[in-house]
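Colleague: Structure file protein10.pdb (PDB, C-alpha atoms) right here:
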```pdb
ATOM      1  CA  MET A   1     -15.995  -7.653  -5.796
ATOM      2  CA  THR A   2     -13.279  -5.309  -4.615
ATOM      3  CA  HIS A   3     -13.881  -2.694  -1.944
ATOM      4  CA  PHE A   4     -10.854  -0.475  -2.542
ATOM      5  CA  LEU A   5      -8.955  -1.686  -5.593
ATOM      6  CA  MET A   6      -9.685  -0.751  -9.189
ATOM      7  CA  SER A   7     -11.667  -3.468 -10.965
ATOM      8  CA  ASP A   8     -14.278  -3.946 -13.653
ATOM      9  CA  VAL A   9     -17.007  -3.333 -11.055
ATOM     10  CA  LYS A  10     -15.080  -0.512  -9.374
ATOM     11  CA  PRO A  11     -13.374   1.470 -12.159
ATOM     12  CA  ASP A  12     -12.854   4.424  -9.796
ATOM     13  CA  GLY A  13     -10.926   2.246  -7.317
ATOM     14  CA  MET A  14      -7.334   2.822  -6.326
ATOM     15  CA  LYS A  15      -4.189   1.109  -7.509
ATOM     16  CA  LEU A  16      -2.656  -1.242  -4.956
ATOM     17  CA  GLU A  17       0.515   0.822  -4.683
ATOM     18  CA  ASP A  18      -1.540   3.940  -3.894
ATOM     19  CA  ILE A  19      -3.398   2.202  -1.056
ATOM     20  CA  LEU A  20      -0.182   0.774   0.375
ATOM     21  CA  SER A  21       1.490   4.199   0.162
ATOM     22  CA  ALA A  22      -1.403   5.795   2.062
ATOM     23  CA  ILE A  23      -1.129   3.149   4.773
ATOM     24  CA  ARG A  24       2.622   3.730   4.960
ATOM     25  CA  ARG A  25       2.053   7.467   5.456
ATOM     26  CA  ASP A  26      -0.423   6.749   8.265
ATOM     27  CA  ILE A  27       2.043   4.447  10.019
ATOM     28  CA  LEU A  28       4.819   7.019   9.685
ATOM     29  CA  TYR A  29       2.549   9.607  11.266
ATOM     30  CA  ARG A  30       1.772   7.264  14.151
ATOM     31  CA  CYS A  31       5.483   6.606  14.621
ATOM     32  CA  THR A  32       6.133  10.311  15.114
ATOM     33  CA  LYS A  33       3.561  10.297  17.923
ATOM     34  CA  ILE A  34       5.319   7.549  19.894
ATOM     35  CA  MET A  35       8.988   8.008  19.022
ATOM     36  CA  GLU A  36       9.744  10.005  22.188
ATOM     37  CA  ASP A  37       7.907   7.561  24.465
ATOM     38  CA  SER A  38      10.562   5.589  26.356
ATOM     39  CA  ARG A  39       8.253   2.965  27.814
ATOM     40  CA  PRO A  40       9.071  -0.602  26.717
ATOM     41  CA  GLU A  41       5.650  -1.053  25.133
ATOM     42  CA  ALA A  42       6.053   2.050  23.005
ATOM     43  CA  LYS A  43       9.521   0.970  21.937
ATOM     44  CA  HIS A  44       8.170  -2.457  21.012
ATOM     45  CA  VAL A  45       5.333  -0.980  18.950
ATOM     46  CA  LEU A  46       7.738   1.427  17.242
ATOM     47  CA  GLU A  47      10.076  -1.433  16.335
ATOM     48  CA  ASN A  48       7.143  -3.411  14.941
ATOM     49  CA  ASN A  49       6.010  -0.381  12.933
ATOM     50  CA  ILE A  50       9.495   0.074  11.503
ATOM     51  CA  GLU A  51       9.472  -3.557  10.349
ATOM     52  CA  ILE A  52       5.989  -3.118   8.874
ATOM     53  CA  LEU A  53       7.181   0.010   7.032
ATOM     54  CA  SER A  54       9.987  -1.992   5.464
ATOM     55  CA  LEU A  55       7.583  -4.718   4.373
ATOM     56  CA  LEU A  56       5.172  -2.129   2.985
ATOM     57  CA  SER A  57       7.987  -0.534   0.994
ATOM     58  CA  ASP A  58       8.785  -3.925  -0.517
ATOM     59  CA  ALA A  59       5.093  -4.490  -1.300
ATOM     60  CA  ILE A  60       4.805  -1.051  -2.920
ATOM     61  CA  LYS A  61       7.756  -1.838  -5.183
ATOM     62  CA  LEU A  62       6.147  -5.135  -6.202
ATOM     63  CA  ALA A  63       2.792  -3.465  -6.904
ATOM     64  CA  GLU A  64       4.493  -0.746  -8.972
ATOM     65  CA  ASP A  65       6.353  -3.434 -10.904
ATOM     66  CA  SER A  66       3.076  -5.227 -11.649
ATOM     67  CA  THR A  67       1.476  -1.994 -12.841
ATOM     68  CA  HIS A  68       4.491  -1.288 -15.044
ATOM     69  CA  THR A  69       4.339  -4.825 -16.472
ATOM     70  CA  LEU A  70       0.633  -4.503 -17.287
ATOM     71  CA  ASP A  71       1.050  -1.002 -18.743
ATOM     72  CA  LYS A  72       3.900  -2.187 -20.948
ATOM     73  CA  ALA A  73       2.084  -5.305 -22.151
ATOM     74  CA  PHE A  74      -1.475  -3.997 -22.485
ATOM     75  CA  GLY A  75      -1.382  -0.211 -22.254
ATOM     76  CA  THR A  76      -3.001   1.864 -19.559
ATOM     77  CA  ARG A  77      -6.049   0.435 -17.839
ATOM     78  CA  ASN A  78      -9.220   0.207 -19.873
ATOM     79  CA  VAL A  79     -12.443   0.551 -17.875
ATOM     80  CA  ASP A  80     -14.252  -1.782 -20.302
ATOM     81  CA  GLY A  81     -12.705  -4.836 -18.665
ATOM     82  CA  PRO A  82      -9.680  -6.320 -16.959
ATOM     83  CA  ARG A  83      -6.328  -6.401 -18.725
ATOM     84  CA  ILE A  84      -5.658  -9.943 -17.512
ATOM     85  CA  GLY A  85      -7.732 -12.659 -15.907
ATOM     86  CA  ASP A  86     -11.361 -13.499 -16.305
ATOM     87  CA  GLY A  87     -13.682 -10.614 -16.977
TER      88      GLY A  87
END
```
Can you dump the structure from the file as structure tokens?
Modeller:
Amino acid sequence: MTHFLMSDVKPDGMKLEDILSAIRRDILYRCTKIMEDSRPEAKHVLENNIEILSLLSDAIKLAEDSTHTLDKAFGTRNVDGPRIGDG
């Protein structure tokens, strides 16, 4: 069972790219709160967040590509069952 993602048991769930984009927005917001903090710990956390943002951007692109692939092959999502995999 999925908690957040769209599935046969959660047809009102979110697409992976939408969840990742929301997380990216939250991290960006947090970055704005610490970007003027010159303490080494804040700088370290900011650098980590910047790396995480880059990884999230890559993950979002992959998730969008998967959605595009499924849409092209099987049409838009049908709530009656999964487009691929075991139902």
Colleague: Give, as JSON, the centre coordinates and the x, y and z edge lengths in Å to one decimal for an axis-aligned box around all listed atoms of range 36-49 of chain A, padded by 5 Å on each side.
Modeller:
```
{"center_x": 7.9, "center_y": 3.3, "center_z": 20.4, "size_x": 15.2, "size_y": 23.4, "size_z": 24.9}
```
Colleague: Enumerate, as a PyMOL selection string, the residues matched when the PyMOL selection byres ((chain A and resi 65-77) around 12) is run on the file above.
Modeller: chain A and resi 6-8+11-18+58-64+78-85
Colleague: What's the separation between CA of Glu36 in chain A and CA of Ser57 in chain A, in Å to one decimal place?
Modeller: 23.7 Å
Colleague: For CA of Arg39 in chain A and CA of Arg25 in chain A, determine how far apart the two atoms are, in Å to one decimal place.
Modeller: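 Interatomic distance, CA of Arg39 in chain A to CA of Arg25 in chain A: 23.6 Å.
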Colleague: Go ahead and compute the interatomic distance for CA of Leu20 in chain A and CA of Ile52 in chain A, in Å to one decimal.
Modeller: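 One can read the CA of Leu20 in chain A to CA of Ile52 in chain A distance as 11.2 Å.
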Colleague: Rank nothing, just name the residue among A:Cys31, A:Lys10, A:Ile23, A:Thr2 nearest to His44 in chain A, using all atoms listed in the file.
Modeller: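 Nearest to His44 in chain A: A:Cys31.
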Colleague: Rank nothing, just name the residue among A:Ile19, A:Leu28, A:Ile50, A:Val45 nearest to His3 in chain A, using all atoms listed in the file.
Modeller: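 Among the listed residues, A:Ile19 lies closest to His3 in chain A.
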Colleague: Pick out the closest residue to Leu56 in chain A from this set: A:Ala22, A:Asp37, A:Lys43, A:Arg30. Count all atoms listed in the file.
Modeller: A:Ala22
Colleague: Let me make sure I understand: among A:Val9, A:Leu53, A:Pro40, A:Asn48, which one has the smallest atom-to-atom distance to Ile27 in chain A if we use only C-alpha atoms?
Modeller: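 Looking only at the distances to Ile27 in chain A, the closest residue turns out to be A:Leu53.
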Colleague: Point out the residue among A:Ser38, A:Phe4, A:Glu47, A:Leu55 with the least atom-to-atom distance to Arg24 in chain A, counting all atoms listed in the file.
Modeller: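 Closest residue, counting all atoms listed in the file: A:Leu55.
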